[in-house]
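S.K.: Data: final17.cif, mmCIF, C-alpha atoms.
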data_upload
loop_
_atom_site.group_PDB
_atom_site.id
_atom_site.type_symbol
_atom_site.label_atom_id
_atom_site.label_comp_id
_atom_site.auth_asym_id
_atom_site.auth_seq_id
_atom_site.Cartn_x
_atom_site.Cartn_y
_atom_site.Cartn_z
ATOM 1 C CA GLY Q 273 0.000 0.000 0.000
ATOM 2 C CA GLU Q 274 0.855 3.647 -0.091
ATOM 3 C CA ASN Q 275 3.483 5.028 2.263
ATOM 4 C CA VAL Q 276 4.135 8.738 2.732
ATOM 5 C CA GLU Q 277 7.307 10.002 4.363
ATOM 6 C CA GLN Q 278 7.602 13.597 5.539
ATOM 7 C CA HIS Q 279 10.619 15.694 6.549
ATOM 8 C CA PRO Q 280 11.580 17.449 8.679
ATOM 9 C CA SER Q 281 9.609 16.533 11.777
ATOM 10 C CA THR Q 282 10.258 19.970 13.276
ATOM 11 C CA LEU Q 283 11.200 23.220 11.606
ATOM 12 C CA SER Q 284 11.952 26.600 13.112
ATOM 13 C CA VAL Q 285 12.338 29.644 10.892
ATOM 14 C CA GLN Q 286 12.703 33.370 11.448
ATOM 15 C CA GLU Q 287 9.605 35.401 10.742
ATOM 16 C CA GLY Q 288 9.737 36.607 7.165
ATOM 17 C CA ASP Q 289 11.902 33.737 5.972
ATOM 18 C CA SER Q 290 10.714 30.802 3.876
ATOM 19 C CA ALA Q 291 9.844 27.297 5.053
ATOM 20 C CA VAL Q 292 9.994 24.134 2.984
ATOM 21 C CA ILE Q 293 8.497 20.773 3.913
ATOM 22 C CA LYS Q 294 9.196 17.715 1.778
ATOM 23 C CA CYS Q 295 7.295 14.470 1.274
ATOM 24 C CA THR Q 296 7.827 11.314 -0.726
ATOM 25 C CA TYR Q 297 5.262 8.708 -1.666
ATOM 26 C CA SER Q 298 5.614 5.109 -2.738
ATOM 27 C CA ASP Q 299 2.586 4.318 -4.922
ATOM 28 C CA SER Q 300 3.021 5.646 -8.444
ATOM 29 C CA ALA Q 301 -0.777 5.398 -8.894
ATOM 30 C CA SER Q 302 -1.349 8.178 -6.341
ATOM 31 C CA ASN Q 303 -2.569 11.260 -8.156
ATOM 32 C CA TYR Q 304 -3.908 13.682 -5.565
ATOM 33 C CA PHE Q 305 -1.753 15.333 -2.906
ATOM 34 C CA PRO Q 306 -3.394 17.565 -0.299
ATOM 35 C CA TRP Q 307 -1.662 19.514 2.456
ATOM 36 C CA TYR Q 308 -3.311 20.106 5.808
ATOM 37 C CA LYS Q 309 -2.516 22.584 8.563
ATOM 38 C CA GLN Q 310 -3.455 21.694 12.125
ATOM 39 C CA GLU Q 311 -3.300 24.324 14.816
ATOM 40 C CA LEU Q 312 -3.190 23.232 18.429
ATOM 41 C CA GLY Q 313 -6.512 21.765 19.512
ATOM 42 C CA LYS Q 314 -8.079 22.286 16.098
ATOM 43 C CA ARG Q 315 -9.081 20.047 13.235
ATOM 44 C CA PRO Q 316 -6.806 19.601 10.185
ATOM 45 C CA GLN Q 317 -7.605 22.235 7.574
ATOM 46 C CA LEU Q 318 -6.869 21.861 3.879
ATOM 47 C CA ILE Q 319 -4.529 24.654 2.776
ATOM 48 C CA ILE Q 320 -3.552 23.600 -0.729
ATOM 49 C CA ASP Q 321 -3.622 20.561 -2.954
ATOM 50 C CA ILE Q 322 -2.146 19.419 -6.246
ATOM 51 C CA ARG Q 323 -3.019 16.780 -8.788
ATOM 52 C CA SER Q 324 -0.587 14.679 -10.757
ATOM 53 C CA ASN Q 325 -1.239 16.491 -14.024
ATOM 54 C CA VAL Q 326 0.206 19.694 -12.558
ATOM 55 C CA GLY Q 327 3.792 20.412 -11.539
ATOM 56 C CA GLU Q 328 3.232 23.454 -9.344
ATOM 57 C CA LYS Q 329 0.385 25.342 -7.729
ATOM 58 C CA LYS Q 330 0.438 28.638 -5.849
ATOM 59 C CA ASP Q 331 -1.971 30.353 -3.504
ATOM 60 C CA GLN Q 332 -0.623 33.658 -2.197
ATOM 61 C CA ARG Q 333 2.307 32.787 0.118
ATOM 62 C CA ILE Q 334 1.866 29.047 -0.240
ATOM 63 C CA ALA Q 335 3.032 26.875 -3.107
ATOM 64 C CA VAL Q 336 3.252 23.163 -3.716
ATOM 65 C CA THR Q 337 5.491 21.413 -6.224
ATOM 66 C CA LEU Q 338 5.206 17.856 -7.482
ATOM 67 C CA ASN Q 339 7.820 15.661 -9.146
ATOM 68 C CA LYS Q 340 6.017 12.560 -10.374
ATOM 69 C CA THR Q 341 9.152 10.877 -11.627
ATOM 70 C CA ALA Q 342 10.883 11.108 -8.278
ATOM 71 C CA LYS Q 343 7.601 10.670 -6.384
ATOM 72 C CA HIS Q 344 8.087 13.618 -4.144
ATOM 73 C CA PHE Q 345 6.207 16.818 -3.446
ATOM 74 C CA SER Q 346 6.962 19.861 -1.344
ATOM 75 C CA LEU Q 347 5.199 22.687 0.453
ATOM 76 C CA HIS Q 348 6.757 26.128 0.290
ATOM 77 C CA ILE Q 349 5.668 28.967 2.566
ATOM 78 C CA THR Q 350 7.192 32.358 1.843
ATOM 79 C CA GLU Q 351 7.296 35.457 4.063
ATOM 80 C CA THR Q 352 6.351 33.387 7.093
ATOM 81 C CA GLN Q 353 4.193 34.952 9.782
ATOM 82 C CA PRO Q 354 3.495 33.950 13.401
ATOM 83 C CA GLU Q 355 0.113 32.531 12.400
ATOM 84 C CA ASP Q 356 1.894 30.002 10.196
ATOM 85 C CA SER Q 357 3.024 28.185 13.355
ATOM 86 C CA ALA Q 358 1.228 24.825 13.304
ATOM 87 C CA VAL Q 359 1.660 21.181 12.387
ATOM 88 C CA TYR Q 360 1.554 20.520 8.666
ATOM 89 C CA PHE Q 361 0.630 17.163 7.146
ATOM 90 C CA CYS Q 362 1.179 16.057 3.579
ATOM 91 C CA ALA Q 363 -0.972 13.283 2.166
ATOM 92 C CA ALA Q 364 -1.430 11.158 -0.911
ATOM 93 C CA THR Q 365 -4.344 9.298 -2.411
ATOM 94 C CA LYS Q 366 -5.485 7.621 -5.587
ATOM 95 C CA GLY Q 367 -8.335 9.949 -6.382
ATOM 96 C CA GLY Q 368 -11.130 8.973 -8.661
ATOM 97 C CA SER Q 369 -14.817 8.362 -8.911
ATOM 98 C CA SER Q 370 -14.904 6.256 -5.753
ATOM 99 C CA ALA Q 371 -13.613 7.699 -2.534
ATOM 100 C CA SER Q 372 -10.040 6.671 -1.886
ATOM 101 C CA LYS Q 373 -8.408 6.643 1.476
ATOM 102 C CA ILE Q 374 -5.886 9.339 2.167
ATOM 103 C CA ILE Q 375 -2.516 8.325 3.600
ATOM 104 C CA PHE Q 376 -0.915 11.020 5.753
ATOM 105 C CA GLY Q 377 2.686 11.830 6.378
ATOM 106 C CA SER Q 378 3.988 11.974 9.926
ATOM 107 C CA GLY Q 379 3.689 15.748 10.196
ATOM 108 C CA THR Q 380 6.016 18.741 10.526
ATOM 109 C CA ARG Q 381 5.797 21.067 13.490
ATOM 110 C CA LEU Q 382 6.599 24.530 12.144
ATOM 111 C CA SER Q 383 7.563 27.277 14.559
ATOM 112 C CA ILE Q 384 8.004 30.886 13.470
ATOM 113 C CA ARG Q 385 10.510 32.836 15.559
ATOM 114 C CA PRO Q 386 9.673 36.546 16.015
ATOM 115 C CA SER M 238 -16.887 22.482 1.713
ATOM 116 C CA ALA M 239 -19.084 20.295 3.905
ATOM 117 C CA VAL M 240 -19.943 21.398 7.429
ATOM 118 C CA ILE M 241 -19.155 18.530 9.775
ATOM 119 C CA SER M 242 -20.005 18.328 13.455
ATOM 120 C CA GLN M 243 -19.095 15.750 16.070
ATOM 121 C CA LYS M 244 -20.482 14.891 19.473
ATOM 122 C CA PRO M 245 -19.173 14.759 22.115
ATOM 123 C CA SER M 246 -16.273 17.168 21.728
ATOM 124 C CA ARG M 247 -14.495 15.490 24.606
ATOM 125 C CA ASP M 248 -15.076 12.857 27.244
ATOM 126 C CA ILE M 249 -13.336 11.172 30.123
ATOM 127 C CA CYS M 250 -14.235 7.524 30.489
ATOM 128 C CA GLN M 251 -13.424 4.610 32.744
ATOM 129 C CA ARG M 252 -11.621 1.595 31.373
ATOM 130 C CA GLY M 253 -13.883 -1.229 30.278
ATOM 131 C CA THR M 254 -16.691 1.083 29.196
ATOM 132 C CA SER M 255 -17.716 2.105 25.676
ATOM 133 C CA LEU M 256 -18.246 5.488 24.041
ATOM 134 C CA THR M 257 -20.197 6.270 20.890
ATOM 135 C CA ILE M 258 -19.092 9.266 18.841
ATOM 136 C CA GLN M 259 -21.517 10.880 16.421
ATOM 137 C CA CYS M 260 -20.639 12.602 13.162
ATOM 138 C CA GLN M 261 -23.150 14.750 11.288
ATOM 139 C CA VAL M 262 -22.652 16.282 7.827
ATOM 140 C CA ASP M 263 -24.780 19.093 6.422
ATOM 141 C CA SER M 264 -25.096 17.437 3.005
ATOM 142 C CA GLN M 265 -25.412 13.933 1.629
ATOM 143 C CA VAL M 266 -22.075 12.231 1.111
ATOM 144 C CA THR M 267 -21.143 8.800 -0.169
ATOM 145 C CA MET M 268 -18.224 7.968 2.058
ATOM 146 C CA MET M 269 -17.393 8.932 5.597
ATOM 147 C CA PHE M 270 -14.058 8.174 7.195
ATOM 148 C CA TRP M 271 -13.008 7.707 10.791
ATOM 149 C CA TYR M 272 -9.487 8.562 11.934
ATOM 150 C CA ARG M 273 -7.557 8.297 15.146
ATOM 151 C CA GLN M 274 -4.905 10.822 16.125
ATOM 152 C CA GLN M 275 -2.842 9.810 19.096
ATOM 153 C CA PRO M 276 -1.107 12.602 21.060
ATOM 154 C CA GLY M 277 1.555 14.277 18.943
ATOM 155 C CA GLN M 278 1.013 11.852 16.081
ATOM 156 C CA SER M 279 -0.350 11.836 12.573
ATOM 157 C CA LEU M 280 -3.804 10.723 11.487
ATOM 158 C CA THR M 281 -4.444 7.002 11.123
ATOM 159 C CA LEU M 282 -7.463 5.764 9.205
ATOM 160 C CA ILE M 283 -9.635 3.400 11.236
ATOM 161 C CA ALA M 284 -12.321 2.595 8.699
ATOM 162 C CA THR M 285 -14.343 3.793 5.744
ATOM 163 C CA ALA M 286 -18.119 3.885 6.137
ATOM 164 C CA ASN M 287 -20.371 3.593 3.123
ATOM 165 C CA GLN M 288 -24.101 3.970 3.602
ATOM 166 C CA GLY M 289 -25.949 0.678 3.352
ATOM 167 C CA SER M 290 -22.965 -1.620 3.669
ATOM 168 C CA GLU M 291 -20.481 -2.819 6.262
ATOM 169 C CA ALA M 292 -17.610 -0.518 7.060
ATOM 170 C CA THR M 293 -14.192 -1.368 5.680
ATOM 171 C CA TYR M 294 -11.540 -1.536 8.387
ATOM 172 C CA GLU M 295 -7.840 -0.851 8.049
ATOM 173 C CA SER M 296 -5.174 -3.212 9.231
ATOM 174 C CA GLY M 297 -4.973 -3.194 13.002
ATOM 175 C CA PHE M 298 -8.579 -2.150 13.542
ATOM 176 C CA VAL M 299 -11.456 -4.591 14.022
ATOM 177 C CA ILE M 300 -15.206 -4.271 14.078
ATOM 178 C CA ASP M 301 -15.588 -5.698 17.572
ATOM 179 C CA LYS M 302 -13.440 -2.916 18.981
ATOM 180 C CA PHE M 303 -14.641 -0.076 16.722
ATOM 181 C CA PRO M 304 -18.163 -0.812 15.491
ATOM 182 C CA ILE M 305 -19.419 1.755 13.005
ATOM 183 C CA SER M 306 -22.919 2.614 11.891
ATOM 184 C CA ARG M 307 -23.930 4.532 8.784
ATOM 185 C CA PRO M 308 -27.711 4.701 8.787
ATOM 186 C CA ASN M 309 -28.037 7.441 6.157
ATOM 187 C CA LEU M 310 -26.046 9.717 3.871
ATOM 188 C CA THR M 311 -25.467 12.455 6.456
ATOM 189 C CA PHE M 312 -24.674 10.586 9.672
ATOM 190 C CA SER M 313 -22.287 8.018 11.128
ATOM 191 C CA THR M 314 -21.255 6.769 14.542
ATOM 192 C CA LEU M 315 -18.059 5.206 15.802
ATOM 193 C CA THR M 316 -18.076 3.248 19.045
ATOM 194 C CA VAL M 317 -14.898 2.661 20.985
ATOM 195 C CA SER M 318 -15.592 -0.524 22.928
ATOM 196 C CA ASN M 319 -14.133 -1.964 26.109
ATOM 197 C CA MET M 320 -11.822 1.020 26.410
ATOM 198 C CA SER M 321 -8.331 1.001 27.857
ATOM 199 C CA PRO M 322 -5.958 3.937 28.470
ATOM 200 C CA GLU M 323 -4.290 3.148 25.116
ATOM 201 C CA ASP M 324 -7.513 4.267 23.418
ATOM 202 C CA SER M 325 -6.960 7.821 24.662
ATOM 203 C CA SER M 326 -6.804 9.797 21.425
ATOM 204 C CA ILE M 327 -8.587 12.295 19.281
ATOM 205 C CA TYR M 328 -11.113 10.654 16.978
ATOM 206 C CA LEU M 329 -12.040 12.532 13.814
ATOM 207 C CA CYS M 330 -14.548 11.880 11.104
ATOM 208 C CA SER M 331 -14.109 13.208 7.604
ATOM 209 C CA THR M 332 -15.861 13.199 4.307
ATOM 210 C CA GLU M 333 -15.374 14.310 0.754
ATOM 211 C CA THR M 334 -17.301 17.138 -0.745
ATOM 212 C CA SER M 335 -20.196 16.199 -2.944
ATOM 213 C CA GLY M 336 -19.224 15.581 -6.551
ATOM 214 C CA GLY M 337 -16.246 13.437 -5.712
ATOM 215 C CA THR M 338 -13.475 16.024 -5.707
ATOM 216 C CA ASP M 339 -11.199 13.791 -3.574
ATOM 217 C CA THR M 340 -10.795 16.606 -1.052
ATOM 218 C CA GLN M 341 -11.564 15.484 2.481
ATOM 219 C CA TYR M 342 -12.777 17.777 5.206
ATOM 220 C CA PHE M 343 -12.616 16.949 8.877
ATOM 221 C CA GLY M 344 -14.940 17.256 11.791
ATOM 222 C CA PRO M 345 -13.711 19.067 14.903
ATOM 223 C CA GLY M 346 -12.728 15.810 16.607
ATOM 224 C CA THR M 347 -13.589 14.071 19.857
ATOM 225 C CA ARG M 348 -10.891 14.112 22.522
ATOM 226 C CA LEU M 349 -11.162 10.886 24.499
ATOM 227 C CA THR M 350 -9.357 10.242 27.760
ATOM 228 C CA VAL M 351 -9.575 6.784 29.307
ATOM 229 C CA LEU M 352 -8.664 6.433 32.959
#
Before anything else, please render the file you have as structure tokens.

M.R.:
Amino acid sequence: GENVEQHPSTLSVQEGDSAVIKCTYSDSASNYFPWYKQELGKRPQLIIDIRSNVGEKKDQRIAVTLNKTAKHFSLHITETQPEDSAVYFCAATKGGSSASKIIFGSGTRLSIRP
Amino acid sequence: SAVISQKPSRDICQRGTSLTIQCQVDSQVTMMFWYRQQPGQSLTLIATANQGSEATYESGFVIDKFPISRPNLTFSTLTVSNMSPEDSSIYLCSTETSGGTDTQYFGPGTRLTVL
């Protein structure tokens, strides 16, 4: 089955700097890759996603890149702000007409230093 | 996105007892998913619940321990049976949006503590 590895497990960056979180997946049939942000005591919230027919997607300060050949994808946050502090999870799934289970990475705890 | 609610939001239970968690969605959905998130850990899928059929359980999870009901297209329950302290976790339900976009949205979670 699918396996998703995520690095680093913790990341501390200076406010205003960029943060990068990397994930690899094992199943070449996976074609949908969402990223979730989970603040303390809250539910995971979808922040961005990418499908396998796209190499990059941006939404304001957040971008995700996908390398299908290498089976890895990354989350990039630019101009980090204190409210970016949270745990981030990458995930992979074989999307399609029937609901497919999502496999989550182990998470990255991002801390923004003032 | 779907609006998902869960009850209870938290509970403290004695070992050996059972707790039923409810998940309500504001629109009809095909699949609902139940996850467990142990303290400081990632999300682990327990089972997938399809209306009108038996839930499909992931490796390491069994129906006797985590029975699931799915009586209609907007509601599901997860029961944690014969609880032990190792069952202390956050339990979350999720569902896709209608139209099969693959995107899953989560309920607020139920924080369970077993003494």

S.K.: Using only the atoms of segment 354-362 of chain Q listed in the file, plus 8 Å on each side, state the axis-aligned box centre and edge lengths in Å rounded to one decimal, as JSON.

M.R.:
{"center_x": 1.8, "center_y": 25.0, "center_z": 8.5, "size_x": 19.4, "size_y": 33.9, "size_z": 25.8}

S.K.: Selection in question (the file shown): the PyMOL selection byres ((chain M) within 7 of (chain Q)). Which residues does it include, as JSON, numbers by chain?

M.R.: {"M": [268, 278, 279, 280, 337, 339, 343, 344, 345, 346]}

S.K.: If you keep C-alpha atoms, can you produce a file of those selected residues as an mmCIF file, in the coordinates of the input?

M.R.:
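Contents of again.cif, as written:
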data_model
loop_
_atom_site.group_PDB
_atom_site.id
_atom_site.type_symbol
_atom_site.label_atom_id
_atom_site.label_comp_id
_atom_site.auth_asym_id
_atom_site.auth_seq_id
_atom_site.Cartn_x
_atom_site.Cartn_y
_atom_site.Cartn_z
ATOM 1 C CA MET M 268 -18.224 7.968 2.058
ATOM 2 C CA GLN M 278 1.013 11.852 16.081
ATOM 3 C CA SER M 279 -0.350 11.836 12.573
ATOM 4 C CA LEU M 280 -3.804 10.723 11.487
ATOM 5 C CA GLY M 337 -16.246 13.437 -5.712
ATOM 6 C CA ASP M 339 -11.199 13.791 -3.574
ATOM 7 C CA PHE M 343 -12.616 16.949 8.877
ATOM 8 C CA GLY M 344 -14.940 17.256 11.791
ATOM 9 C CA PRO M 345 -13.711 19.067 14.903
ATOM 10 C CA GLY M 346 -12.728 15.810 16.607
#

S.K.: With the file shown as input, list the residues that the PyMOL selection byres ((chain Q and resi 353) around 7) selects, as a list in words.

M.R.: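 Taken on the displayed file, the PyMOL selection byres ((chain Q and resi 353) around 7) yields the residues Glu287, Gly288, Glu351, Thr352, Pro354, Glu355, Asp356 and Ile384 of chain Q.
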
S.K.: Give me the result of the PyMOL selection byres ((chain M and resi 310) around 10) on this file, residue by residue, as an NGL selection string.

M.R.: :M and (261-269 or 287-289 or 307-309 or 311-313)

S.K.: Between M:Thr347, M:Gln274, M:Ser255, M:Ser326, which residue has the minimum interatomic distance to Ser242 of chain M, considering all atoms listed in the file?

M.R.: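 The closest residue to Ser242 of chain M is M:Thr347.
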
S.K.: Measuring atom to atom with all atoms listed in the file, identify which of Q:Ala358, Q:Ile320, Q:Ala364, Q:Leu312 is nearest to Gln332 of chain Q.

M.R.: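 So, comparing all the options, the nearest one is Q:Ile320.
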
S.K.: I'd like the contact shell of Val285 of chain Q - 7 Å cut-off, only C-alpha atoms, skipping same-chain residues fewer than 5 positions apart - returned as a list in words.

M.R.: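 Contacts, in chain order: Ala291, Ser383, Ile384 and Arg385 of chain Q.
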